[in-house]
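A.B. asks: Let me give you the structure first, and then I'll get to my questions.
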Amino acid sequence: MNQITNANSQRKNAGQWRFALSPTGNAGDGIFRGLMFAAALLILVIVVVMIVALAAKSTLSIQRFGFGFLTSREWDPVKGQFGALPFIYGTVVSSAIAVLIAVPLSLGIAVFLVEQAPSYLARPITFMVELLAAIPSVVYGLWGIFVLAPFLRVHVEPRLGSWLGWLPLFRGSITGIGLLTGGIMLAIMVTPIITAVVRDVLEAVPNSQREAALALGATKWETTRVVLVNGVPGIAGAVMLGLGRALGETMAVTMVIGNRAEISASLFAPSYTIASAIANEFTEATGDIYLSSLVELGLILFLVTFAVNGLARVLVWNVTRRSGAAA
Amino acid sequence: MSLSSSLSRIAVRLPLFFVIAVAIFAYGCKGTGTRGPVNLQGAGATFPNPLYQKWLSEFSKQHPDIRIDYQSIGSGGGIKQIQSQTVDFGASDAPMTDSELKGAPGELIHIPTVLGAVVVTYNLEGVSTPLRFSPDVIADIFLGKIAKWNDPRIKADNAAVNLPAADISVVHRADASGTSFVFTDYLSKVSADWKDKVGADKSPKWPVGQGGKGNEGVTGQIKQQPNTIGYVELAYAVQNKLPAALIKNAGGKFVAASIDGVTAAAAASAATTPDDLRVSITNANGAEVYPISSYTYILAYKDQRDAAKGKALVAFLWWGIHDGESFARDLQYAPLPAEIVKRAEAKINSITSGGKPLR
């Protein structure tokens, strides 16, 4: 009797201990769960550690320049004057150009691959898209200098200048190196990524949706619209992924954007992105305030990416809620 | 039941085994590290990296008991690492400033190793004779004051050349670089306006133009765009057969960039070189001098903490400024002139460990 209660209470204790780790009471499950939780936690820890480290290393410039760092256009290492506005402008505008070009293009490619193309075309094109997504950015950059920039200088920019020259965006001297080239470069780099993800998303839309639309007498275009609406959250995720790459892209942009810390109304003028500035100047920055300002640029890039992602999430949430309500 | 409990017991002890294994491994590494050859770590300037890598491989053939690694992370990184004593020697193109020297825990000495130069290159269609530039003209082009290729001041030095009426596009280095420092240091000496508005820096605020990343980025942009002008390292320009302008030196003579012209610049400024060898030799006086030249340095502590490492470092430096100089020319670096080698010898001999000389 005594033995039994003893054993019982032991089992009870053991059960509680196991329950804390795993609802099934299996130690292996518990350990697995713990490991997975640790892996997930690591992401959070890395984000926090990065923000803390960036903020700590940039305290000097935050104290010296304060909020003015965000609004100042002056970046002069010789005089020790640092302001981030030209870099923020260059980063945001080049990424905006990239997304503006890449999103319609990628949607078109993906819709064609999933909805229209015969399989003897779809397979090789899909393979090529995935190949393009894997090319290192420095290779894109070299191609940008030797092919894209001269092409834009000779064929595209003069035409933009003569047709749309009444807009300040397309005025000024034409060199082939500048904000527009940087944006187009990014668009080309981001398109394969967005396309690849959107293609997977559209593939995942159940065929019953298409069949239902067709059965109701919908045309091919109307059916495609049904498929696209079903894929909105996934498509938005794909755009986010592309935008993330565009914001943080360094090497390829550096090689074609002209690297000049100035805000110009013209898209033909050279510009500068945050990531390029850090990559270009960090290795040789010796002064404390200089280094601190570069780290603060990194912090700003972090926050810009955060803000853009947050904004996009809200947008997606809005769209899905509305389309959900409509359905 | 018994299986799962034994499994869980093992799982609980797993980390412990891990810790023990790591500890044993770490101990083992430490044990072998002290018995092996002397290891030296260096880091810094990218400009002399090809030469230093050559030096390391040649030197290690003669001294198998010394292992040296050099990481070309940039002069700024080299200065930071030697300040924090994470490397045994640093390397920098520009000499350290007084405030940077104060940031180091001990007295640092500068050992010049070789010299380099910066050339002005350009892309002008139909122009095959090398252009000639007076110093003030270069400064004003990079200031944006001279904006057309057929400006009378450019024409004055290039009467025989048919210059186009096109806009000048300036290309400069986008990444912070010793090359930019040497170039802007030169412009600061020859133009009061430049000194006042821009100054000398590894990454100054350029009044006009677009930036290319690295020598290859600048060259790429110049080659791809007509009517451009920019500057690159001499070695890079020679290897890629870029057009190089003749520059009017302080002696009033137009000189092409050459290794001899660079060594001549160092020799001509030897008399005014201070004891610590921290000196700018741009715009040096002399008929054969190429004016946009500079030293590159290895940085080391005068008092070495570890005698064995110090001895190896001194042996390497000594070998470098004597035997090592013979590799310079092939890689398009200019060797040190004889009088500077003498003064560098004295610097190397002044390195001690615990008060004892190491040579």
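Residue numbers start at 1 in each chain; chains themselves are named A, B, ... in the order of the structure tokens; ligands are numbered from 1 in the order shown.
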Within 10 Å of chain B, which residues of chain A are there when counting only C-alpha atoms? Please give them as an NGL selection string.

C.D. replies: :A and (26-28 or 30-31 or 74-79 or 141-142 or 145-147 or 149-150 or 153 or 173 or 175-178 or 251 or 254-261 or 269-272 or 276-287)

A.B. asks: Please report the interatomic distance between CA of Glu325 in chain B and CA of Thr113 in chain B in Å with one decimal.

C.D. replies: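 Computed distance, CA of Glu325 in chain B to CA of Thr113 in chain B, equals 7.9 Å.
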
A.B. asks: Compile the contact shell of range 188-203 of chain A as an NGL selection string: residues with an atom at most 6 Å away, counting only C-alpha atoms, same-chain residues fewer than 3 positions apart removed.

C.D. replies: :A and (102 or 106 or 110 or 129 or 133 or 185 or 234-235 or 238-239 or 242)

A.B. asks: Next, dump the selected residues to file, keeping only N, CA and C atoms, as a JSON list (two decimals), in the first residue's frame.

C.D. replies:
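Output file out-v6.json is given in full below:
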[["chain", "number", "residue", "atom", "x", "y", "z"],
["A", 102, "ALA", "N", 9.30, 46.37, -60.97],
["A", 102, "ALA", "CA", 9.41, 44.91, -60.80],
["A", 102, "ALA", "C", 8.07, 44.24, -60.53],
["A", 106, "SER", "N", 6.84, 41.14, -62.61],
["A", 106, "SER", "CA", 6.87, 39.81, -61.98],
["A", 106, "SER", "C", 5.49, 39.18, -62.00],
["A", 110, "ALA", "N", 4.71, 35.64, -63.67],
["A", 110, "ALA", "CA", 4.17, 34.54, -62.86],
["A", 110, "ALA", "C", 2.82, 34.07, -63.40],
["A", 129, "VAL", "N", 14.32, 31.81, -64.23],
["A", 129, "VAL", "CA", 13.98, 32.79, -63.20],
["A", 129, "VAL", "C", 14.72, 32.46, -61.91],
["A", 133, "ALA", "N", 17.69, 34.59, -59.89],
["A", 133, "ALA", "CA", 17.58, 34.98, -58.48],
["A", 133, "ALA", "C", 18.83, 34.61, -57.70],
["A", 185, "MET", "N", 18.45, 48.88, -62.07],
["A", 185, "MET", "CA", 19.32, 47.76, -61.67],
["A", 185, "MET", "C", 18.63, 46.93, -60.60],
["A", 234, "GLY", "N", -0.02, 36.19, -50.19],
["A", 234, "GLY", "CA", 1.25, 35.61, -50.64],
["A", 234, "GLY", "C", 1.99, 36.55, -51.57],
["A", 235, "ILE", "N", 1.24, 37.21, -52.48],
["A", 235, "ILE", "CA", 1.88, 38.15, -53.40],
["A", 235, "ILE", "C", 2.48, 39.31, -52.63],
["A", 238, "ALA", "N", 5.65, 38.32, -51.24],
["A", 238, "ALA", "CA", 6.69, 38.28, -52.26],
["A", 238, "ALA", "C", 7.24, 39.68, -52.51],
["A", 239, "VAL", "N", 6.33, 40.66, -52.58],
["A", 239, "VAL", "CA", 6.77, 42.05, -52.80],
["A", 239, "VAL", "C", 7.64, 42.52, -51.64],
["A", 242, "GLY", "N", 11.07, 41.19, -51.99],
["A", 242, "GLY", "CA", 11.79, 41.94, -53.01],
["A", 242, "GLY", "C", 12.19, 43.31, -52.51]]

A.B. asks: Considering only C-alpha atoms, state which residue in the set B:Ala307, B:Val170, B:Ala270, B:Val119 is at the smallest distance from Ala237 in chain B.

C.D. replies: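 For Ala237 in chain B, the nearest of the given residues is B:Val119.
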
A.B. asks: Any chance you could list, as a PyMOL selection string, the residues in range 18-169 of chain B that come up alpha helix (DSSP H) when DSSP is run on the backbone?

C.D. replies: chain B and resi 18-35+49-62+75-83+98-102+135-143+152-157

A.B. asks: Taking C-alpha atoms for each residue, export the selection above as a PDB file, in the first residue's frame.

C.D. replies:
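Printed below is out.pdb as written:
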ATOM      1  CA  PHE B  18      29.652  18.918 -24.816  1.00  0.00           C
ATOM      2  CA  VAL B  19      31.242  21.290 -22.353  1.00  0.00           C
ATOM      3  CA  ILE B  20      33.853  18.713 -21.407  1.00  0.00           C
ATOM      4  CA  ALA B  21      34.614  17.933 -25.043  1.00  0.00           C
ATOM      5  CA  VAL B  22      34.997  21.625 -25.914  1.00  0.00           C
ATOM      6  CA  ALA B  23      37.198  22.186 -22.890  1.00  0.00           C
ATOM      7  CA  ILE B  24      39.478  19.300 -23.857  1.00  0.00           C
ATOM      8  CA  PHE B  25      39.637  20.557 -27.435  1.00  0.00           C
ATOM      9  CA  ALA B  26      40.442  24.103 -26.367  1.00  0.00           C
ATOM     10  CA  TYR B  27      43.137  22.855 -24.012  1.00  0.00           C
ATOM     11  CA  GLY B  28      44.622  20.746 -26.782  1.00  0.00           C
ATOM     12  CA  CYS B  29      44.755  23.721 -29.147  1.00  0.00           C
ATOM     13  CA  LYS B  30      46.448  25.856 -26.582  1.00  0.00           C
ATOM     14  CA  GLY B  31      49.012  23.144 -26.006  1.00  0.00           C
ATOM     15  CA  THR B  32      50.004  22.857 -29.633  1.00  0.00           C
ATOM     16  CA  GLY B  33      49.933  26.636 -30.210  1.00  0.00           C
ATOM     17  CA  THR B  34      52.835  27.347 -27.881  1.00  0.00           C
ATOM     18  CA  ARG B  35      55.050  24.713 -29.402  1.00  0.00           C
ATOM     19  CA  ASN B  49      48.505  44.027 -50.443  1.00  0.00           C
ATOM     20  CA  PRO B  50      49.794  42.343 -53.637  1.00  0.00           C
ATOM     21  CA  LEU B  51      53.357  43.224 -52.650  1.00  0.00           C
ATOM     22  CA  TYR B  52      52.942  42.172 -49.005  1.00  0.00           C
ATOM     23  CA  GLN B  53      51.494  38.817 -50.077  1.00  0.00           C
ATOM     24  CA  LYS B  54      54.551  38.321 -52.290  1.00  0.00           C
ATOM     25  CA  TRP B  55      56.785  39.306 -49.374  1.00  0.00           C
ATOM     26  CA  LEU B  56      55.077  36.860 -47.033  1.00  0.00           C
ATOM     27  CA  SER B  57      55.492  33.938 -49.392  1.00  0.00           C
ATOM     28  CA  GLU B  58      59.146  34.751 -50.188  1.00  0.00           C
ATOM     29  CA  PHE B  59      59.996  35.466 -46.548  1.00  0.00           C
ATOM     30  CA  SER B  60      58.396  32.281 -45.261  1.00  0.00           C
ATOM     31  CA  LYS B  61      60.471  30.237 -47.721  1.00  0.00           C
ATOM     32  CA  GLN B  62      63.612  31.509 -45.996  1.00  0.00           C
ATOM     33  CA  SER B  75      44.113  51.516 -43.746  1.00  0.00           C
ATOM     34  CA  GLY B  76      41.390  52.597 -41.322  1.00  0.00           C
ATOM     35  CA  GLY B  77      40.927  49.041 -40.127  1.00  0.00           C
ATOM     36  CA  GLY B  78      44.692  48.585 -39.848  1.00  0.00           C
ATOM     37  CA  ILE B  79      45.004  51.653 -37.621  1.00  0.00           C
ATOM     38  CA  LYS B  80      42.078  50.546 -35.441  1.00  0.00           C
ATOM     39  CA  GLN B  81      43.475  47.045 -35.029  1.00  0.00           C
ATOM     40  CA  ILE B  82      46.983  48.126 -34.127  1.00  0.00           C
ATOM     41  CA  GLN B  83      45.514  50.637 -31.643  1.00  0.00           C
ATOM     42  CA  ASP B  98      48.726  62.871 -33.904  1.00  0.00           C
ATOM     43  CA  SER B  99      45.342  62.152 -32.368  1.00  0.00           C
ATOM     44  CA  GLU B 100      45.325  58.623 -33.776  1.00  0.00           C
ATOM     45  CA  LEU B 101      48.781  58.055 -32.276  1.00  0.00           C
ATOM     46  CA  LYS B 102      47.493  59.273 -28.916  1.00  0.00           C
ATOM     47  CA  PRO B 135      48.231  71.578 -61.181  1.00  0.00           C
ATOM     48  CA  ASP B 136      45.769  74.472 -60.888  1.00  0.00           C
ATOM     49  CA  VAL B 137      43.860  73.188 -63.927  1.00  0.00           C
ATOM     50  CA  ILE B 138      43.367  69.741 -62.340  1.00  0.00           C
ATOM     51  CA  ALA B 139      42.181  71.361 -59.119  1.00  0.00           C
ATOM     52  CA  ASP B 140      39.692  73.564 -60.954  1.00  0.00           C
ATOM     53  CA  ILE B 141      38.364  70.647 -63.016  1.00  0.00           C
ATOM     54  CA  PHE B 142      37.693  68.686 -59.832  1.00  0.00           C
ATOM     55  CA  LEU B 143      36.221  71.834 -58.240  1.00  0.00           C
ATOM     56  CA  PRO B 152      41.184  77.926 -72.749  1.00  0.00           C
ATOM     57  CA  ARG B 153      43.167  76.889 -69.666  1.00  0.00           C
ATOM     58  CA  ILE B 154      43.224  73.235 -70.771  1.00  0.00           C
ATOM     59  CA  LYS B 155      43.992  74.330 -74.323  1.00  0.00           C
ATOM     60  CA  ALA B 156      46.941  76.418 -73.145  1.00  0.00           C
ATOM     61  CA  ASP B 157      48.858  73.264 -72.156  1.00  0.00           C
TER      62      ASP B 157
END

A.B. asks: Please report the interatomic distance between CA of Glu345 in chain B and CA of Asp93 in chain B in Å with one decimal.

C.D. replies: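 So the two atoms, CA of Glu345 in chain B and CA of Asp93 in chain B, lie 19.4 Å apart.
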